[in-house]
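Asker: Take a look at model11.txt, compact mmCIF, C-alpha atoms (C1' of nucleotides) and all ligand atoms:
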```
# COMPACT_ATOMS: atom_id res chain seq x y z
CA MET E 102 151.85 82.46 50.88
CA LEU E 103 150.16 83.93 47.86
CA LYS E 104 152.44 85.63 45.36
CA PHE E 105 151.51 89.27 44.88
CA ALA E 106 151.78 88.98 41.09
CA ALA E 107 149.04 86.35 41.15
CA MET E 108 147.05 88.42 43.63
CA MET E 109 147.19 91.42 41.30
CA THR E 110 146.32 89.71 38.07
CA ALA E 111 143.55 87.83 39.77
CA THR E 112 141.82 90.71 41.48
CA ALA E 113 142.85 94.11 40.12
CA PRO E 114 142.43 95.97 36.85
CA ALA E 115 145.45 97.32 34.97
CA VAL E 116 147.55 99.34 37.34
CA ASP E 117 148.77 102.09 35.08
CA THR E 118 145.78 103.52 33.33
CA PRO E 119 146.48 107.08 32.18
CA SER E 120 144.18 108.55 34.81
CA GLU E 121 145.77 106.69 37.71
CA THR E 122 149.24 107.56 36.46
CA GLU E 123 148.30 111.20 36.08
CA SER E 124 146.84 111.31 39.57
CA VAL E 125 149.95 109.74 41.11
CA LEU E 126 152.23 112.02 39.17
CA LEU E 127 150.42 115.08 40.49
CA GLN E 128 150.32 113.69 44.02
CA ILE E 129 154.13 113.45 43.92
CA ARG E 130 154.72 116.84 42.27
CA ARG E 131 152.45 118.50 44.79
CA LYS E 132 154.95 117.45 47.49
CA GLY E 133 157.55 119.52 45.66
CA ALA E 134 159.60 116.56 44.46
CA ARG E 135 160.53 114.93 41.17
CA ALA E 136 158.07 112.51 39.68
CA THR E 137 160.56 109.77 38.91
CA PRO E 138 159.59 106.42 37.38
CA ALA E 139 160.51 104.66 40.63
CA ARG E 140 158.11 106.72 42.71
CA ILE E 141 155.36 106.56 40.14
CA ARG E 142 155.49 102.81 39.71
CA VAL E 143 155.67 102.09 43.43
CA LEU E 144 152.83 104.42 44.33
CA LEU E 145 150.66 102.98 41.54
CA LEU E 146 151.31 99.52 42.92
CA LEU E 147 150.43 100.49 46.47
CA ARG E 148 147.25 102.20 45.35
CA ALA E 149 146.14 99.14 43.42
CA ALA E 150 147.06 96.63 46.14
CA PRO E 151 144.26 95.01 48.14
CA ALA E 152 146.46 94.82 51.25
CA ALA E 153 149.63 96.28 52.74
CA LEU E 154 152.74 94.95 50.98
CA THR E 155 156.25 94.11 52.11
CA HIS E 156 159.36 95.41 50.39
CA HIS E 157 159.85 91.93 49.03
CA GLU E 158 156.34 91.65 47.60
CA ILE E 159 156.79 94.99 45.87
CA GLU E 160 160.07 93.81 44.34
CA GLN E 161 158.29 90.71 43.03
CA ALA E 162 155.45 92.74 41.63
CA LEU E 163 157.82 95.05 39.77
CA GLY E 164 159.12 91.97 37.99
CA ASP E 165 161.66 92.49 35.21
CA ARG E 166 161.61 96.28 35.63
CA MET E 167 162.98 95.86 39.12
CA LEU E 168 164.44 98.79 40.98
CA ASP E 169 167.57 98.60 43.05
CA ARG E 170 166.76 97.20 46.49
CA VAL E 171 168.04 100.29 48.28
CA THR E 172 166.25 102.65 45.93
CA LEU E 173 163.00 100.87 46.72
CA TYR E 174 163.62 101.32 50.46
CA ARG E 175 164.29 104.98 49.86
CA VAL E 176 161.22 105.47 47.70
CA LEU E 177 159.09 103.83 50.39
CA ASP E 178 160.63 105.97 53.14
CA TRP E 179 159.97 109.04 51.06
CA LEU E 180 156.34 108.09 50.51
CA VAL E 181 155.88 107.53 54.24
CA VAL E 182 157.59 110.76 55.29
CA ARG E 183 155.50 112.73 52.82
CA GLY E 184 152.33 111.05 54.04
CA LEU E 185 151.54 109.30 50.78
CA ALA E 186 151.93 105.83 52.36
CA HIS E 187 151.64 104.09 55.73
CA ARG E 188 154.17 101.79 57.26
CA SER E 189 153.33 99.11 59.81
CA THR E 190 155.29 96.19 61.24
CA ASP E 191 153.89 92.72 60.71
CA ALA E 192 154.03 89.62 62.91
CA GLN E 193 157.07 88.37 60.97
CA ARG E 194 158.83 91.61 61.99
CA ALA E 195 158.87 93.06 58.48
CA PHE E 196 157.55 96.44 57.41
CA ARG E 197 154.40 96.60 55.31
CA PHE E 198 153.39 99.54 53.15
CA SER E 199 150.03 100.77 51.93
CA ALA E 200 148.91 103.83 50.03
CA ALA E 201 147.47 106.51 52.26
CA ALA E 202 143.94 107.26 51.14
CA ALA E 203 143.86 110.88 49.99
CA GLY E 204 143.22 113.17 52.94
CA GLU E 205 143.09 110.31 55.41
CA HIS E 206 144.51 110.92 58.86
CA GLY E 207 144.38 109.55 62.37
CA ALA E 208 143.81 106.06 63.66
CA HIS E 209 142.95 103.16 61.50
CA THR E 210 141.91 99.52 61.93
CA HIS E 211 143.77 96.44 60.65
CA PHE E 212 143.31 92.72 60.28
CA ARG E 213 146.56 90.74 60.19
CA CYS E 214 146.63 87.19 58.92
CA ASP E 215 148.80 85.02 61.17
CA ASP E 216 149.27 82.59 58.32
CA CYS E 217 150.31 84.63 55.27
CA GLY E 218 151.21 87.76 57.25
CA ARG E 219 149.21 90.14 55.08
CA VAL E 220 147.62 93.20 56.63
CA PHE E 221 144.13 94.21 55.55
CA CYS E 222 142.91 97.72 56.23
CA LEU E 223 139.35 97.67 57.53
CA ASP E 224 136.88 100.48 57.29
CA SER E 225 135.47 100.39 60.79
CA ALA E 226 136.60 103.15 63.09
CA PRO E 227 138.82 102.13 66.00
CA PRO E 228 137.50 102.35 69.57
CA ALA E 229 138.26 105.22 71.91
CA ALA E 230 141.30 105.20 74.20
CA PRO E 231 141.06 104.03 77.80
CA SER E 232 142.74 106.04 80.51
CA LEU E 233 146.51 105.69 80.87
CA PRO E 234 148.90 105.56 83.84
CA ALA E 235 150.07 108.97 85.04
CA GLY E 236 152.69 110.66 82.91
CA PHE E 237 151.98 108.66 79.76
CA SER E 238 151.06 110.56 76.62
CA LEU E 239 149.12 109.00 73.81
CA SER E 240 149.86 109.77 70.16
CA ARG E 241 148.12 107.03 68.24
CA ILE E 242 145.88 104.01 68.61
CA GLU E 243 146.60 100.75 66.83
CA PHE E 244 143.74 98.31 66.82
CA ASP E 245 144.75 95.02 65.18
CA LEU E 246 142.59 92.00 64.70
CA ARG E 247 144.55 88.78 64.29
CA GLY E 248 143.51 85.50 62.77
CA ARG E 249 143.33 83.96 59.33
CA CYS E 250 142.26 85.74 56.17
CA ALA E 251 139.67 84.26 53.80
CA GLU E 252 142.36 82.94 51.43
CA CYS E 253 144.29 81.14 54.14
CA ALA E 254 141.22 79.90 56.00
CA ARG E 255 139.95 78.28 52.81
CA GLY E 256 143.26 76.57 51.87
CA MET I 68 166.85 104.25 76.58
CA LEU I 69 166.81 102.94 80.13
CA LYS I 70 168.99 99.93 80.79
CA PHE I 71 166.95 97.03 82.10
CA ALA I 72 169.45 96.32 84.88
CA ALA I 73 168.79 99.78 86.25
CA MET I 74 165.06 99.34 85.77
CA MET I 75 165.11 96.15 87.80
CA THR I 76 167.19 97.33 90.71
CA ALA I 77 165.22 100.53 90.87
CA THR I 78 161.73 99.09 90.82
CA ALA I 79 161.61 95.38 91.61
CA PRO I 80 162.32 93.25 94.65
CA ALA I 81 164.82 90.37 94.49
CA VAL I 82 163.91 88.19 91.54
CA ASP I 83 164.79 84.78 92.88
CA THR I 84 163.15 84.37 96.25
CA PRO I 85 162.61 80.68 97.05
CA SER I 86 158.88 80.95 96.53
CA GLU I 87 159.14 82.57 93.12
CA THR I 88 161.78 80.07 92.06
CA GLU I 89 159.68 77.18 93.27
CA SER I 90 156.63 78.47 91.44
CA VAL I 91 158.52 78.86 88.19
CA LEU I 92 160.11 75.46 88.53
CA LEU I 93 156.72 73.82 88.92
CA GLN I 94 155.26 75.84 86.07
CA ILE I 95 157.96 74.40 83.81
CA ARG I 96 157.73 70.82 85.06
CA ARG I 97 153.96 70.86 84.64
CA LYS I 98 154.58 71.34 80.92
CA GLY I 99 156.42 68.02 80.96
CA ALA I 100 159.87 69.47 80.37
CA ARG I 101 163.14 69.79 82.23
CA ALA I 102 163.50 72.67 84.63
CA THR I 103 166.89 73.86 83.43
CA PRO I 104 168.70 76.88 84.87
CA ALA I 105 168.26 78.72 81.58
CA ARG I 106 164.48 78.39 81.60
CA ILE I 107 164.19 79.16 85.28
CA ARG I 108 166.28 82.31 85.16
CA VAL I 109 164.57 83.66 82.07
CA LEU I 110 161.08 83.02 83.34
CA LEU I 111 161.91 84.61 86.70
CA LEU I 112 163.15 87.66 84.86
CA LEU I 113 160.05 87.94 82.71
CA ARG I 114 157.77 87.56 85.72
CA ALA I 115 159.59 90.32 87.59
CA ALA I 116 159.81 92.70 84.63
CA PRO I 117 157.53 95.75 84.59
CA ALA I 118 157.27 95.65 80.77
CA ALA I 119 157.85 93.34 77.83
CA LEU I 120 161.57 92.81 77.17
CA THR I 121 163.63 92.30 74.04
CA HIS I 122 166.11 89.46 73.61
CA HIS I 123 168.85 92.02 74.02
CA GLU I 124 167.46 93.45 77.26
CA ILE I 125 167.21 89.96 78.69
CA GLU I 126 170.83 89.27 77.78
CA GLN I 127 171.86 92.47 79.56
CA ALA I 128 169.82 91.58 82.62
CA LEU I 129 171.42 88.15 82.88
CA GLY I 130 174.76 89.92 83.15
CA ASP I 131 177.79 87.77 83.84
CA ARG I 132 175.76 84.56 83.92
CA MET I 133 174.84 85.12 80.29
CA LEU I 134 173.38 82.32 78.23
CA ASP I 135 174.35 81.63 74.67
CA ARG I 136 172.46 83.93 72.29
CA VAL I 137 170.84 81.03 70.47
CA THR I 138 169.91 79.23 73.67
CA LEU I 139 168.12 82.33 74.84
CA TYR I 140 166.16 82.47 71.58
CA ARG I 141 165.26 78.82 72.05
CA VAL I 142 164.22 79.27 75.66
CA LEU I 143 162.00 82.17 74.68
CA ASP I 144 160.43 80.22 71.83
CA TRP I 145 159.78 77.34 74.18
CA LEU I 146 158.10 79.62 76.72
CA VAL I 147 155.89 81.12 74.03
CA VAL I 148 154.92 77.77 72.51
CA ARG I 149 154.04 76.40 75.93
CA GLY I 150 152.00 79.47 76.73
CA LEU I 151 154.21 80.67 79.58
CA ALA I 152 155.16 83.87 77.73
CA HIS I 153 153.80 86.24 75.11
CA ARG I 154 155.67 87.50 72.09
CA SER I 155 154.88 90.76 70.30
CA THR I 156 156.70 92.78 67.66
CA ASP I 157 157.70 96.33 68.51
CA ALA I 158 157.95 99.42 66.32
CA GLN I 159 161.70 98.86 65.94
CA ARG I 160 160.79 95.47 64.44
CA ALA I 161 162.19 93.44 67.31
CA PHE I 162 160.36 90.81 69.32
CA ARG I 163 159.39 91.56 72.92
CA PHE I 164 158.60 88.95 75.54
CA SER I 165 156.49 89.05 78.68
CA ALA I 166 155.42 86.41 81.18
CA ALA I 167 151.91 85.15 80.63
CA ALA I 168 149.91 85.78 83.79
CA ALA I 169 148.94 82.41 85.23
CA GLY I 170 145.72 81.21 83.65
CA GLU I 171 145.44 84.31 81.52
CA HIS I 172 144.10 83.90 78.02
CA GLY I 173 142.56 85.91 75.23
CA ALA I 174 142.99 89.54 74.37
CA HIS I 175 145.09 92.00 76.19
CA THR I 176 145.89 95.72 75.99
CA HIS I 177 149.31 97.36 75.44
CA PHE I 178 150.96 100.74 75.49
CA ARG I 179 154.09 101.04 73.35
CA CYS I 180 156.53 103.89 73.84
CA ASP I 181 157.65 105.29 70.48
CA ASP I 182 160.74 106.67 72.15
CA CYS I 183 162.29 103.84 74.16
CA GLY I 184 160.29 101.08 72.46
CA ARG I 185 159.11 99.43 75.68
CA VAL I 186 155.75 97.75 75.82
CA PHE I 187 153.59 98.19 78.92
CA CYS I 188 150.77 95.77 79.59
CA LEU I 189 147.68 97.63 80.72
CA ASP I 190 144.87 96.22 82.78
CA SER I 191 141.91 97.64 80.92
CA ALA I 192 139.98 95.16 78.82
CA PRO I 193 140.18 95.64 75.07
CA PRO I 194 137.09 96.65 73.11
CA ALA I 195 134.91 94.15 71.29
CA ALA I 196 135.69 93.14 67.73
CA PRO I 197 133.88 94.76 64.82
CA SER I 198 132.47 92.52 62.10
CA LEU I 199 134.93 91.14 59.57
CA PRO I 200 134.80 90.52 55.81
CA ALA I 201 133.35 87.13 54.83
CA GLY I 202 135.64 84.16 55.33
CA PHE I 203 137.94 85.84 57.83
CA SER I 204 138.38 84.17 61.20
CA LEU I 205 139.45 86.07 64.27
CA SER I 206 141.80 84.54 66.81
CA ARG I 207 142.98 87.47 68.87
CA ILE I 208 142.61 91.18 69.34
CA GLU I 209 145.62 93.44 69.70
CA PHE I 210 144.83 96.87 71.02
CA ASP I 211 147.98 98.97 71.15
CA LEU I 212 148.23 102.50 72.39
CA ARG I 213 151.27 104.38 71.08
CA GLY I 214 152.96 107.44 72.49
CA ARG I 215 155.57 108.24 75.12
CA CYS I 216 155.90 106.53 78.46
CA ALA I 217 156.22 108.49 81.72
CA GLU I 218 160.02 108.02 81.79
CA CYS I 219 160.56 109.30 78.28
CA ALA I 220 157.98 112.09 78.51
CA ARG I 221 159.75 113.43 81.62
CA GLY I 222 163.32 113.24 80.20
C1' DG T 98 173.19 56.22 94.34
C1' DT T 99 174.35 55.27 89.27
C1' DG T 100 173.70 54.88 84.39
C1' DG T 101 171.42 56.01 80.06
C1' DC T 102 169.43 58.85 76.96
C1' DA T 103 165.87 62.32 75.24
C1' DG T 104 166.04 66.72 75.51
C1' DG T 105 168.79 70.98 76.12
C1' DT T 106 172.96 73.78 75.19
C1' DG T 107 176.94 76.04 72.72
C1' DC T 108 179.31 77.34 68.76
C1' DA T 109 179.78 78.56 63.91
C1' DA T 110 177.72 79.59 59.99
C1' DC T 111 173.90 81.40 57.78
C1' DC T 112 169.74 84.24 56.36
C1' DA T 113 166.40 88.20 56.09
C1' DT T 114 165.57 92.84 56.54
C1' DG T 115 167.01 97.28 56.62
C1' DT T 116 170.93 101.20 56.50
C1' DT T 117 175.04 103.99 55.12
C1' DG T 118 178.57 106.09 52.00
C1' DC T 119 179.76 107.53 47.86
C1' DA T 120 180.14 107.95 42.81
C1' DT T 121 177.14 108.60 38.95
C1' DC T 122 172.97 110.00 36.59
C1' DT T 123 168.72 112.82 35.41
C1' DG T 124 164.06 115.58 35.93
C1' DG T 125 162.69 119.70 35.15
C1' DA T 126 163.50 124.78 36.18
C1' DG T 127 165.45 128.59 33.91
C1' DC Q 173 169.86 123.21 26.00
C1' DT Q 174 172.29 123.48 30.27
C1' DC Q 175 172.83 122.72 34.84
C1' DC Q 176 172.61 120.90 39.41
C1' DA Q 177 169.89 119.43 43.60
C1' DG Q 178 167.99 115.56 44.13
C1' DA Q 179 167.56 110.61 42.80
C1' DT Q 180 169.67 106.26 41.75
C1' DG Q 181 172.86 102.12 41.90
C1' DC Q 182 176.29 99.46 43.91
C1' DA Q 183 179.12 97.72 47.73
C1' DA Q 184 179.62 97.27 52.32
C1' DC Q 185 177.66 97.04 56.81
C1' DA Q 186 174.30 96.34 60.87
C1' DT Q 187 170.91 93.96 63.47
C1' DG Q 188 167.83 90.38 64.78
C1' DG Q 189 166.80 85.88 64.19
C1' DT Q 190 167.59 80.72 62.46
C1' DT Q 191 169.85 76.22 61.33
C1' DG Q 192 173.03 72.22 61.79
C1' DC Q 193 175.51 69.55 64.49
C1' DA Q 194 178.50 67.91 68.27
C1' DC Q 195 178.46 67.79 73.10
C1' DC Q 196 176.33 67.98 77.74
C1' DT Q 197 172.86 67.08 81.59
C1' DG Q 198 168.23 66.64 84.18
C1' DC Q 199 165.71 63.23 85.44
C1' DC Q 200 163.78 58.61 85.33
C1' DA Q 201 164.55 53.57 85.82
C1' DC Q 202 166.87 50.49 88.17
MN MN L 301 146.40 100.67 57.01
MN MN L 302 151.21 91.79 77.24
ZN ZN L 303 146.29 84.91 55.00
ZN ZN L 304 159.65 105.28 76.86
```
Kindly transcribe the structure held in the file into structure tokens.
Ligand SMILES: [Mn+2]
Ligand SMILES: [Mn+2]
Ligand SMILES: [Zn+2]
Ligand SMILES: [Zn+2]
Answerer:
Amino acid sequence: MLKFAAMMTATAPAVDTPSETESVLLQIRRKGARATPARIRVLLLLRAAPAALTHHEIEQALGDRMLDRVTLYRVLDWLVVRGLAHRSTDAQRAFRFSAAAAGEHGAHTHFRCDDCGRVFCLDSAPPAAPSLPAGFSLSRIEFDLRGRCAECARG
Amino acid sequence: MLKFAAMMTATAPAVDTPSETESVLLQIRRKGARATPARIRVLLLLRAAPAALTHHEIEQALGDRMLDRVTLYRVLDWLVVRGLAHRSTDAQRAFRFSAAAAGEHGAHTHFRCDDCGRVFCLDSAPPAAPSLPAGFSLSRIEFDLRGRCAECARG
DNA sequence: GTGGCAGGTGCAACCATGTTGCATCTGGAG
DNA sequence: CTCCAGATGCAACATGGTTGCACCTGCCAC
């Protein structure tokens, strides 16, 4: 599977432009918490990523300036609880994290690559819910498309 | 969460009637493999289960006649590879297994309880796929409804 | 029926992913 | 500048799943 470092340098502009950093810093402060380097760097990464990332991929991407493993888990949990990131579970039973688009809420469509395991967030709105058995209550719809991503299909 | 043993005795008829056993035995032999007690018992269980089960729940349900942990993993893998069972990943990042309905193929709708983690297979057909980015190839649609099941909503 | 053996099983060790407890450190309010 | 709630790092633990290898057994040939 593609290393995230390569993915980033290949497809994305510099991650920590002053404007992006400023935006992230405010996003964090607005939640009434400290804008620590750990949170800032991780949120910048997620916002620049073209797909949802695993804990491991984030570690790789942080490179030499690596955070403690546990701190990274805690930063990610914090981002999710505060609604700044999403967490989903991939086919390899690992969590994947993506930045929540500002103001975004509700259901949300994904494509998961069975080969490399990456999750791509699609724009198209998910379909409406069918009726459920009696007594069941619905809180959220997850509409996942599975197959191979362009990268993996090409290789 | 509800113990599977209780679930079974409460809702299902005897699991190993001669006809069911015979059917399962043939299903296995037709794949050109040995009909071992491990495979037979596990497949009977999956076919009788009202929802997708975790490795752990299957262990519990086997009770005193427990298989080795690893053997159970291998039996489940074998069933999945041969198309006799489905595997999905639940919100607690554990695999869940269900018997593949005979001759069934293609997409397939689920309800996952956020409380007890069980996966219920619904009958309704999933919606059609939206268009994908260039180069992506679709192999399967996963349409999951999340919320609380009747059991958990009541309690 | 009775071997023989490919395929299946058990056991021990291992790995990956995520969590908990606790001592230490620091962002940012005052 | 000081102070401390909140953030971090480190060690230990938990859970779910995998690998390696010796031993066992369903099932086919005879
Ligand atoms: Mn998403
Ligand atoms: Mn199913
Ligand atoms: Zn891929
Ligand atoms: Zn439930």
Asker: 7 Å from ligand ZN 304 (chain L) is the threshold here; counting all atoms listed in the file, which polymer residues fall inside it? Answer as a VMD selection string.
Answerer: chain I and resid 180 to 185 215 to 219
Asker: Using all atoms listed in the file, determine which residues fall within 9 Å of ligand MN 301 (chain L), then list them as a list in words.
Answerer: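 What falls inside 9 Å of ligand MN 301 (chain L) is Ala152, Ala153, Ala186, His187, Arg188, Ser189, Phe198, Ser199, Ala200, Ala201, Ala208, His209, Thr210, His211, Val220, Phe221, Cys222 and Leu223 of chain E.
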Asker: So which residues touch Q:DT174 within 12 Å, counting all atoms listed in the file, skipping near sequence neighbours fewer than 5 positions away, as number ranges by chain?
Answerer: T: 125-127
Asker: Residues of chain T were defined as contacting chain I if any atom lay at most 10 Å from it, counting all atoms listed in the file; please report them as a list in words.
Answerer: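 Interface list for chain T against chain I: DG104, DG105, DT106, DG107, DC108 and DT114 of chain T.
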Asker: Given the selection you just returned, output its residues as a file containing C-alpha atoms (C1' of nucleotides), formatted as an mmCIF file, in the frame of the given file.
Answerer:
```
data_model
loop_
_atom_site.group_PDB
_atom_site.id
_atom_site.type_symbol
_atom_site.label_atom_id
_atom_site.label_comp_id
_atom_site.auth_asym_id
_atom_site.auth_seq_id
_atom_site.Cartn_x
_atom_site.Cartn_y
_atom_site.Cartn_z
ATOM 1 C "C1'" DG T 104 166.040 66.720 75.510
ATOM 2 C "C1'" DG T 105 168.790 70.980 76.120
ATOM 3 C "C1'" DT T 106 172.960 73.780 75.190
ATOM 4 C "C1'" DG T 107 176.940 76.040 72.720
ATOM 5 C "C1'" DC T 108 179.310 77.340 68.760
ATOM 6 C "C1'" DT T 114 165.570 92.840 56.540
#
```
Asker: Measuring between only C-alpha atoms and all ligand atoms, which one of E:Ile242, E:Ala226, E:Phe212, E:Arg166 shows the shortest distance to ligand ZN 303 (chain L)?
Answerer: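 Smallest distance to ligand ZN 303 (chain L) is found for E:Phe212.
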Asker: Could you list as a PyMOL selection string every residue that has an atom within 9 Å of (171.9, 101.1, 55.7), using the file's coordinates and counting all atoms listed in the file?
Answerer: (chain E and resi 171) or (chain T and resi 115-117) or (chain Q and resi 185-186)
Asker: Go ahead and write the residues just picked, C-alpha atoms (C1' of nucleotides), as a CSV table (one decimal), keeping the file's coordinate frame.
Answerer:
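Written out: selection-v6.csv:
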```
chain,number,residue,atom,x,y,z
E,171,VAL,CA,168.0,100.3,48.3
T,115,DG,C1',167.0,97.3,56.6
T,116,DT,C1',170.9,101.2,56.5
T,117,DT,C1',175.0,104.0,55.1
Q,185,DC,C1',177.7,97.0,56.8
Q,186,DA,C1',174.3,96.3,60.9
```
Asker: For chain I, list the residues within 6 Å of chain E, counting only C-alpha atoms, and write the list as an NGL selection string.
Answerer: :I and (160 or 202-217)
Asker: Those residues you just picked out, can you put them in a file as a PDB file, in the coordinates of the input with C-alpha atoms?
Answerer:
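As a result, selection.pdb now contains:
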```pdb
ATOM      1  CA  ARG I 160     160.790  95.470  64.440  1.00  0.00           C
ATOM      2  CA  GLY I 202     135.640  84.160  55.330  1.00  0.00           C
ATOM      3  CA  PHE I 203     137.940  85.840  57.830  1.00  0.00           C
ATOM      4  CA  SER I 204     138.380  84.170  61.200  1.00  0.00           C
ATOM      5  CA  LEU I 205     139.450  86.070  64.270  1.00  0.00           C
ATOM      6  CA  SER I 206     141.800  84.540  66.810  1.00  0.00           C
ATOM      7  CA  ARG I 207     142.980  87.470  68.870  1.00  0.00           C
ATOM      8  CA  ILE I 208     142.610  91.180  69.340  1.00  0.00           C
ATOM      9  CA  GLU I 209     145.620  93.440  69.700  1.00  0.00           C
ATOM     10  CA  PHE I 210     144.830  96.870  71.020  1.00  0.00           C
ATOM     11  CA  ASP I 211     147.980  98.970  71.150  1.00  0.00           C
ATOM     12  CA  LEU I 212     148.230 102.500  72.390  1.00  0.00           C
ATOM     13  CA  ARG I 213     151.270 104.380  71.080  1.00  0.00           C
ATOM     14  CA  GLY I 214     152.960 107.440  72.490  1.00  0.00           C
ATOM     15  CA  ARG I 215     155.570 108.240  75.120  1.00  0.00           C
ATOM     16  CA  CYS I 216     155.900 106.530  78.460  1.00  0.00           C
ATOM     17  CA  ALA I 217     156.220 108.490  81.720  1.00  0.00           C
TER      18      ALA I 217
END
```
Asker: Please indicate the distance in Å from atom CA of I:Ile95 to atom CA of I:Ala115, rounded to one decimal place.
Answerer: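 That distance, rounded to one decimal, is 16.4 Å.
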Asker: Give me, as a PyMOL selection string, the residues of chain Q touching chain I, with the criterion being at most 10 Å (counting all atoms listed in the file).
Answerer: chain Q and resi 187-190+197-199
Asker: Which residues are near T:DA120? Cut-off 12 Å, only C-alpha atoms (C1' of nucleotides), ignore same chain within fewer than 6 positions. Put them as a PyMOL selection string.
Answerer: chain Q and resi 180-183
Asker: Calculate how many Å separate atom CA of E:Val125 from atom CA of E:Leu180, rounding to one decimal.
Answerer: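 So the two atoms, atom CA of E:Val125 and atom CA of E:Leu180, lie 11.5 Å apart.
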Asker: What does the distance from atom CA of E:Ser120 to atom CA of E:Leu145 come to in Å, to one decimal?
Answerer: 10.9 Å
Asker: Could you check the closest approach to ligand MN 302 (chain L) for each of I:Lys98, I:Arg108, I:Arg149, I:Arg163 and tell me which residue wins, using only C-alpha atoms and all ligand atoms?
Answerer: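 Using only C-alpha atoms and all ligand atoms, the shortest distance to ligand MN 302 (chain L) belongs to I:Arg163.
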Asker: The residues within 12 Å of (179.2, 114.4, 37.0), using all atoms listed in the file and the coordinates of the file, should be reported as a ChimeraX atom specification; which are they?
Answerer: /T:120-123 /Q:175-176
